[in-house]
Amino acid sequence: MSMRCLIARGMAGACLAVMVSSSWSATVAAEADVVLRSGKIYTADKARSIRQAIAFKGNTIVAVGEDKDMASLIGSATKVIDLGGKLVLPGLIDTHIHPIMGALNGAKCSLAGVKATIEVLKPVIRNCLDKDQGGADDWFEAAQLDNYGFSATAKDVDFIEAARPVALWGNDGHTVWVNSRGLALLGVTAETPDPPGGKIARDATGAPSGSFADSAAIFVDEKIPSPSLGEKAALTAAELKKMSAYGITSLMDAFVARAEAEVWRRLYDTGKLPIRVRMAIYVASPSDDSDEAVARLIAASKAGDVDSNVLRSGVVKVFADGVMEYPAQTAALLSPYLDADGKPTKTSGELYFDPQRFAKLVQKLDAAGLTVHIHAIGDRAVRASLDAFASARAANGDKDNRHQIAHLQLVDPADFPRFKELGVIADFQLEWAKREPATEGPLEPYLGPERYRYLYPAGSLYKAGAIIIGGSDWDISSYNPFRAFQTAVTRAGDKGKKPLNIEERIPLQTAIDAYTINAAYAMKQDATTGSLEVGKRADLVVLDRDILTIDPETIQDTKVLATYLDGRLVHSASPGSNAGDDEEDEEPGKWWDERESRMRDWLHRD
Ligand SMILES: [Zn+2]
């Protein structure tokens, strides 16, 4: 007898052993639903033990051990799968990702991989416009513009399209350019002040010139009519399916305002969540430490705690600064940016909050049991974030809220030990830590060698005892966790590339921890996920290769053969097929099914 555990409204907790009313019931109750055997099970338990087999019943792991230990758990209805030596990891957890925004961006005109000059962009955008059904007053949006070093005014964008309002979104997720028609529709004038934590680019007269950064870009986004809730949910659901194919079983949406919360709720209500989701509620005013502001955030978080197993919140998201790349340079640095010749400028970026009031806000949120997740890029933003956590620690003691700082592009060495001291978790986008156009031209000269040496200092924080977790920040970068693993250990992109600060690499096991047990800890779900141990939920992935032993420069090519969530097979593929391809496998899961039937034959050989 097999049981099906669906992750759906009201059913998540209903994965109970169903006993048949016969004399066989005792035996049936002891049988596992699924046994994976003859594999290499990386458990991520305390000892990081590796075993041969794992069994689960309903959504719960009932045994982890050697093949011979599984015999008593195998009954006539047990699915037994011969792994043929394949590697199994706990389900992977992406602790900083934007699934809804990314899915919506994916539906826009893509400028990915296009050289960002008006001349080169024009034919690409015109081509999209030709296919677009929108009317003369409908916004036209393109995304993934490679914005490093790109600058344009509304008049420049008019050269591409002047009749319809146009918005071009940068691939840093923080910048947008609009044309003159768009500026007029937005109603922004010389009198409009910059919103807190944002910048409206202006000409010499103070009139808006066409680009918007950070919270000013969020303002633009809110002004542009978005697709219906149903459309947003459908686009997101399609993307979640692809994430399952990369082995992702849990994630944190690192920016949830009302619109995002509605989409997650819709997906939950319609049973379309193949991934556990934690929502980080966006704090629009991080300098507002009033009791009312705190009460609003607590209420938003409570409303997000829909199902402790599937959809929950308990965390807020704050921006401490912007981005570091030239020409934006909105990240807050301890000492000024350099000019292209290496001489100090007068610019060192700005904090997006008042440090004293922000520290008060963090104290109150910490006292209320919320996790605070801060976007901090520059070393001054990182220090201000640590200071706020220190003040919460001083006021409240250790409330075990597992606060986090994400991105950590530049950290002053004096602050390395503070992560461990304060229990602050370091959330790296490990795939970013490589030499590529984005980390060289717009950064290297403007920081100088002493600071550049500590770009993405994962190794230094690891050595200083910090807990490291990983998130893709998709759609800023790919959510393929194996790309993150490869870059974390090689600090380089593709094979043979020169590494970025090789001293800052981390061991592969630490990278895996960052997506499994440590990520589960950060998400406050380590009691149920993150490692493969008896009593925990059966979230696990089967890989086509042994990443623990192969050439690290090939880890990113890893394919996921099977993903289980809560004991349920949510993805299966054959070796050689491409995970996440838009096209379905010719015969999805055929290899997987064959392993199972071969095992069945073996079981019934007498
Ligand atoms: Zn992000």
# chains A, B, ... in the order shown; residues from 1 in each chain; ligands from 1
$ closest_atom_pairs --of "chain A" --to "ligand 1" --cutoff "12 Å" --atoms "only C-alpha atoms and all ligand atoms" --output "JSON lines"
{"residue": "A:Asp94", "atom": "CA", "partner": "ligand 1", "partner_atom_place_in_ligand_line": "1 (Zn)", "distance": 11.4}
{"residue": "A:Thr95", "atom": "CA", "partner": "ligand 1", "partner_atom_place_in_ligand_line": "1 (Zn)", "distance": 9.9}
{"residue": "A:His96", "atom": "CA", "partner": "ligand 1", "partner_atom_place_in_ligand_line": "1 (Zn)", "distance": 6.1}
{"residue": "A:Ile97", "atom": "CA", "partner": "ligand 1", "partner_atom_place_in_ligand_line": "1 (Zn)", "distance": 6.0}
{"residue": "A:His98", "atom": "CA", "partner": "ligand 1", "partner_atom_place_in_ligand_line": "1 (Zn)", "distance": 6.5}
{"residue": "A:Pro99", "atom": "CA", "partner": "ligand 1", "partner_atom_place_in_ligand_line": "1 (Zn)", "distance": 10.3}
{"residue": "A:Ile100", "atom": "CA", "partner": "ligand 1", "partner_atom_place_in_ligand_line": "1 (Zn)", "distance": 11.8}
{"residue": "A:Met101", "atom": "CA", "partner": "ligand 1", "partner_atom_place_in_ligand_line": "1 (Zn)", "distance": 10.1}
{"residue": "A:Gly102", "atom": "CA", "partner": "ligand 1", "partner_atom_place_in_ligand_line": "1 (Zn)", "distance": 10.5}
{"residue": "A:Asn171", "atom": "CA", "partner": "ligand 1", "partner_atom_place_in_ligand_line": "1 (Zn)", "distance": 11.6}
{"residue": "A:Asp172", "atom": "CA", "partner": "ligand 1", "partner_atom_place_in_ligand_line": "1 (Zn)", "distance": 9.3}
{"residue": "A:Gly173", "atom": "CA", "partner": "ligand 1", "partner_atom_place_in_ligand_line": "1 (Zn)", "distance": 7.9}
{"residue": "A:His174", "atom": "CA", "partner": "ligand 1", "partner_atom_place_in_ligand_line": "1 (Zn)", "distance": 9.6}
{"residue": "A:Asp214", "atom": "CA", "partner": "ligand 1", "partner_atom_place_in_ligand_line": "1 (Zn)", "distance": 11.6}
{"residue": "A:Met252", "atom": "CA", "partner": "ligand 1", "partner_atom_place_in_ligand_line": "1 (Zn)", "distance": 10.1}
{"residue": "A:Asp253", "atom": "CA", "partner": "ligand 1", "partner_atom_place_in_ligand_line": "1 (Zn)", "distance": 8.4}
{"residue": "A:Ala254", "atom": "CA", "partner": "ligand 1", "partner_atom_place_in_ligand_line": "1 (Zn)", "distance": 5.7}
{"residue": "A:Phe255", "atom": "CA", "partner": "ligand 1", "partner_atom_place_in_ligand_line": "1 (Zn)", "distance": 7.0}
{"residue": "A:Val256", "atom": "CA", "partner": "ligand 1", "partner_atom_place_in_ligand_line": "1 (Zn)", "distance": 10.7}
{"residue": "A:Ala280", "atom": "CA", "partner": "ligand 1", "partner_atom_place_in_ligand_line": "1 (Zn)", "distance": 10.5}
{"residue": "A:Tyr282", "atom": "CA", "partner": "ligand 1", "partner_atom_place_in_ligand_line": "1 (Zn)", "distance": 11.0}
{"residue": "A:Lys317", "atom": "CA", "partner": "ligand 1", "partner_atom_place_in_ligand_line": "1 (Zn)", "distance": 9.4}
{"residue": "A:Val318", "atom": "CA", "partner": "ligand 1", "partner_atom_place_in_ligand_line": "1 (Zn)", "distance": 10.3}
{"residue": "A:Phe319", "atom": "CA", "partner": "ligand 1", "partner_atom_place_in_ligand_line": "1 (Zn)", "distance": 9.5}
{"residue": "A:Gly322", "atom": "CA", "partner": "ligand 1", "partner_atom_place_in_ligand_line": "1 (Zn)", "distance": 11.0}
{"residue": "A:Val323", "atom": "CA", "partner": "ligand 1", "partner_atom_place_in_ligand_line": "1 (Zn)", "distance": 11.2}
{"residue": "A:His373", "atom": "CA", "partner": "ligand 1", "partner_atom_place_in_ligand_line": "1 (Zn)", "distance": 10.4}
{"residue": "A:Ile374", "atom": "CA", "partner": "ligand 1", "partner_atom_place_in_ligand_line": "1 (Zn)", "distance": 9.7}
{"residue": "A:His375", "atom": "CA", "partner": "ligand 1", "partner_atom_place_in_ligand_line": "1 (Zn)", "distance": 7.3}
{"residue": "A:Ala376", "atom": "CA", "partner": "ligand 1", "partner_atom_place_in_ligand_line": "1 (Zn)", "distance": 10.3}
{"residue": "A:Ile377", "atom": "CA", "partner": "ligand 1", "partner_atom_place_in_ligand_line": "1 (Zn)", "distance": 11.1}
{"residue": "A:Ile405", "atom": "CA", "partner": "ligand 1", "partner_atom_place_in_ligand_line": "1 (Zn)", "distance": 11.2}
{"residue": "A:Ala406", "atom": "CA", "partner": "ligand 1", "partner_atom_place_in_ligand_line": "1 (Zn)", "distance": 8.0}
{"residue": "A:His407", "atom": "CA", "partner": "ligand 1", "partner_atom_place_in_ligand_line": "1 (Zn)", "distance": 8.2}
{"residue": "A:Leu408", "atom": "CA", "partner": "ligand 1", "partner_atom_place_in_ligand_line": "1 (Zn)", "distance": 11.9}
{"residue": "A:Asp427", "atom": "CA", "partner": "ligand 1", "partner_atom_place_in_ligand_line": "1 (Zn)", "distance": 10.7}
{"residue": "A:Phe428", "atom": "CA", "partner": "ligand 1", "partner_atom_place_in_ligand_line": "1 (Zn)", "distance": 10.8}
{"residue": "A:Gln429", "atom": "CA", "partner": "ligand 1", "partner_atom_place_in_ligand_line": "1 (Zn)", "distance": 9.4}
{"residue": "A:Gly470", "atom": "CA", "partner": "ligand 1", "partner_atom_place_in_ligand_line": "1 (Zn)", "distance": 11.8}
{"residue": "A:Gly471", "atom": "CA", "partner": "ligand 1", "partner_atom_place_in_ligand_line": "1 (Zn)", "distance": 8.7}
{"residue": "A:Ser472", "atom": "CA", "partner": "ligand 1", "partner_atom_place_in_ligand_line": "1 (Zn)", "distance": 8.3}
{"residue": "A:Asp473", "atom": "CA", "partner": "ligand 1", "partner_atom_place_in_ligand_line": "1 (Zn)", "distance": 4.7}
{"residue": "A:Trp474", "atom": "CA", "partner": "ligand 1", "partner_atom_place_in_ligand_line": "1 (Zn)", "distance": 7.5}
{"residue": "A:Asp475", "atom": "CA", "partner": "ligand 1", "partner_atom_place_in_ligand_line": "1 (Zn)", "distance": 8.7}
{"residue": "A:Ile476", "atom": "CA", "partner": "ligand 1", "partner_atom_place_in_ligand_line": "1 (Zn)", "distance": 7.8}
{"residue": "A:Ser477", "atom": "CA", "partner": "ligand 1", "partner_atom_place_in_ligand_line": "1 (Zn)", "distance": 10.1}
$ select_by_dssp --residues "region 33-205 of chain A" --states "helix (DSSP H, G or I)" --output "PyMOL selection string"
chain A and resi 67-73+99-106+118-131+154-158+180-186
$ select_by_dssp --residues "region 285-400 of chain A" --states "strand (DSSP E or B)" --output "number ranges by chain"
A: 307, 311-319, 338, 344, 371-376
$ write_last_selection --atoms "N, CA, C and O atoms" --output "JSON list (two decimals), in the first residue's frame"
[["chain", "number", "residue", "atom", "x", "y", "z"],
["A", 307, "ASP", "N", 1.28, 28.16, 6.33],
["A", 307, "ASP", "CA", 1.39, 26.71, 6.57],
["A", 307, "ASP", "C", 2.84, 26.45, 6.97],
["A", 307, "ASP", "O", 3.75, 26.66, 6.17],
["A", 311, "LEU", "N", 4.40, 27.30, 3.35],
["A", 311, "LEU", "CA", 4.44, 28.73, 3.04],
["A", 311, "LEU", "C", 4.45, 29.52, 4.34],
["A", 311, "LEU", "O", 3.47, 29.49, 5.10],
["A", 312, "ARG", "N", 5.58, 30.20, 4.58],
["A", 312, "ARG", "CA", 5.72, 30.90, 5.85],
["A", 312, "ARG", "C", 6.55, 32.16, 5.68],
["A", 312, "ARG", "O", 7.14, 32.40, 4.62],
["A", 313, "SER", "N", 6.58, 32.97, 6.75],
["A", 313, "SER", "CA", 7.37, 34.20, 6.67],
["A", 313, "SER", "C", 8.30, 34.25, 7.89],
["A", 313, "SER", "O", 9.19, 33.44, 8.00],
["A", 314, "GLY", "N", 8.07, 35.21, 8.80],
["A", 314, "GLY", "CA", 8.95, 35.30, 9.97],
["A", 314, "GLY", "C", 10.24, 36.04, 9.68],
["A", 314, "GLY", "O", 11.16, 36.01, 10.50],
["A", 315, "VAL", "N", 10.32, 36.68, 8.52],
["A", 315, "VAL", "CA", 11.56, 37.36, 8.16],
["A", 315, "VAL", "C", 11.23, 38.65, 7.40],
["A", 315, "VAL", "O", 10.24, 38.72, 6.68],
["A", 316, "VAL", "N", 12.04, 39.68, 7.62],
["A", 316, "VAL", "CA", 11.87, 40.93, 6.89],
["A", 316, "VAL", "C", 13.14, 41.24, 6.11],
["A", 316, "VAL", "O", 14.23, 40.79, 6.47],
["A", 317, "LYS", "N", 12.96, 42.00, 5.03],
["A", 317, "LYS", "CA", 14.08, 42.32, 4.13],
["A", 317, "LYS", "C", 14.31, 43.82, 4.10],
["A", 317, "LYS", "O", 13.38, 44.59, 3.90],
["A", 318, "VAL", "N", 15.58, 44.20, 4.29],
["A", 318, "VAL", "CA", 15.93, 45.61, 4.34],
["A", 318, "VAL", "C", 17.08, 45.86, 3.35],
["A", 318, "VAL", "O", 17.98, 45.03, 3.23],
["A", 319, "PHE", "N", 17.05, 46.99, 2.66],
["A", 319, "PHE", "CA", 18.20, 47.40, 1.84],
["A", 319, "PHE", "C", 19.05, 48.37, 2.65],
["A", 319, "PHE", "O", 18.56, 49.42, 3.08],
["A", 338, "LEU", "N", 37.50, 55.21, -5.90],
["A", 338, "LEU", "CA", 38.60, 55.83, -6.63],
["A", 338, "LEU", "C", 38.09, 56.23, -8.01],
["A", 338, "LEU", "O", 37.06, 55.72, -8.47],
["A", 344, "PRO", "N", 41.44, 58.97, -5.11],
["A", 344, "PRO", "CA", 40.17, 59.02, -4.35],
["A", 344, "PRO", "C", 39.23, 60.10, -4.89],
["A", 344, "PRO", "O", 39.66, 61.20, -5.22],
["A", 371, "THR", "N", 13.30, 37.38, 11.96],
["A", 371, "THR", "CA", 14.64, 37.36, 11.38],
["A", 371, "THR", "C", 14.77, 38.59, 10.48],
["A", 371, "THR", "O", 13.86, 38.89, 9.72],
["A", 372, "VAL", "N", 15.92, 39.27, 10.58],
["A", 372, "VAL", "CA", 16.16, 40.42, 9.71],
["A", 372, "VAL", "C", 17.20, 40.02, 8.66],
["A", 372, "VAL", "O", 18.28, 39.53, 9.00],
["A", 373, "HIS", "N", 16.85, 40.20, 7.39],
["A", 373, "HIS", "CA", 17.70, 39.83, 6.27],
["A", 373, "HIS", "C", 18.06, 41.13, 5.53],
["A", 373, "HIS", "O", 17.19, 41.81, 5.01],
["A", 374, "ILE", "N", 19.35, 41.50, 5.56],
["A", 374, "ILE", "CA", 19.76, 42.80, 5.04],
["A", 374, "ILE", "C", 20.57, 42.65, 3.74],
["A", 374, "ILE", "O", 21.53, 41.88, 3.68],
["A", 375, "HIS", "N", 20.17, 43.42, 2.75],
["A", 375, "HIS", "CA", 20.98, 43.58, 1.53],
["A", 375, "HIS", "C", 22.09, 44.58, 1.87],
["A", 375, "HIS", "O", 21.80, 45.75, 2.13],
["A", 376, "ALA", "N", 23.34, 44.12, 1.92],
["A", 376, "ALA", "CA", 24.46, 45.03, 2.18],
["A", 376, "ALA", "C", 25.59, 44.68, 1.22],
["A", 376, "ALA", "O", 26.09, 43.55, 1.21]]
$ residues_around --residues "Tyr352 (chain A)" --least-positions-apart "5" --cutoff "10 Å" --atoms "only C-alpha atoms" --output "list in words"
Pro196, Gly197, Gly198, Asp214, Ser215, Ser285, Pro286, Ser287, Val318, Phe319, Ala320, Asp321, Gly322, Thr330, Ala331, Ala332, Phe358, Ala376 and Ala381 of chain A
$ atom_distance --atom1 "CA of Ile506 (chain A)" --atom2 "CA of Arg451 (chain A)"
19.4 Å
$ closest_atom_pairs --of "region 485-566 of chain A" --to "region 29-38 of chain A" --cutoff "12 Å" --atoms "only C-alpha atoms" --output "CSV"
residue,atom,partner,partner_atom,distance
A:Ala538,CA,A:Val34,CA,10.0
A:Leu540,CA,A:Leu36,CA,10.8
A:Val541,CA,A:Leu36,CA,11.1
A:Val542,CA,A:Leu36,CA,9.7
A:Ala562,CA,A:Leu36,CA,11.3
A:Tyr564,CA,A:Val34,CA,10.7
A:Asp566,CA,A:Val34,CA,11.8
$ atom_distance --atom1 "CA of Asp203 (chain A)" --atom2 "CA of Val120 (chain A)"
24.5 Å
$ atom_distance --atom1 "CA of Ile41 (chain A)" --atom2 "CA of Lys241 (chain A)"
24.1 Å
$ residues_around --residues "Gly493 (chain A)" --least-positions-apart "5" --cutoff "9 Å" --atoms "only C-alpha atoms" --output "number ranges by chain"
A: 431, 433-436, 483, 486-487, 498-499, 553
$ residues_around --residues "Ala359 (chain A)" --least-positions-apart "6" --cutoff "8 Å" --atoms "only C-alpha atoms" --output "MDAnalysis selection string"
chainID A and resid 387:389 391:392
$ write_last_selection --atoms "all heavy atoms" --output "compact mmCIF listing (two decimals), in the first residue's frame"
# COMPACT_ATOMS: atom_id res chain seq x y z
N ASP A 387 26.41 46.53 13.25
CA ASP A 387 26.18 47.40 14.41
C ASP A 387 24.73 47.29 14.90
O ASP A 387 24.47 47.25 16.10
CB ASP A 387 26.49 48.87 14.07
CG ASP A 387 27.99 49.12 13.88
OD1 ASP A 387 28.79 48.24 14.25
OD2 ASP A 387 28.34 50.20 13.37
N ALA A 388 23.81 47.24 13.95
CA ALA A 388 22.40 47.13 14.33
C ALA A 388 22.13 45.79 15.02
O ALA A 388 21.43 45.72 16.04
CB ALA A 388 21.51 47.27 13.09
N PHE A 389 22.74 44.71 14.51
CA PHE A 389 22.57 43.41 15.14
C PHE A 389 23.22 43.38 16.52
O PHE A 389 22.71 42.75 17.45
CB PHE A 389 23.14 42.29 14.25
CG PHE A 389 22.34 42.07 12.99
CD1 PHE A 389 22.97 41.92 11.76
CD2 PHE A 389 20.94 42.00 13.03
CE1 PHE A 389 22.22 41.72 10.60
CE2 PHE A 389 20.19 41.79 11.88
CZ PHE A 389 20.83 41.65 10.65
N SER A 391 23.45 45.91 18.52
CA SER A 391 22.60 46.65 19.46
C SER A 391 21.39 45.80 19.85
O SER A 391 20.94 45.84 21.00
CB SER A 391 22.19 48.01 18.87
OG SER A 391 21.04 47.88 18.08
N ALA A 392 20.88 44.99 18.91
CA ALA A 392 19.78 44.09 19.25
C ALA A 392 20.25 43.04 20.26
O ALA A 392 19.54 42.70 21.20
CB ALA A 392 19.24 43.42 18.00
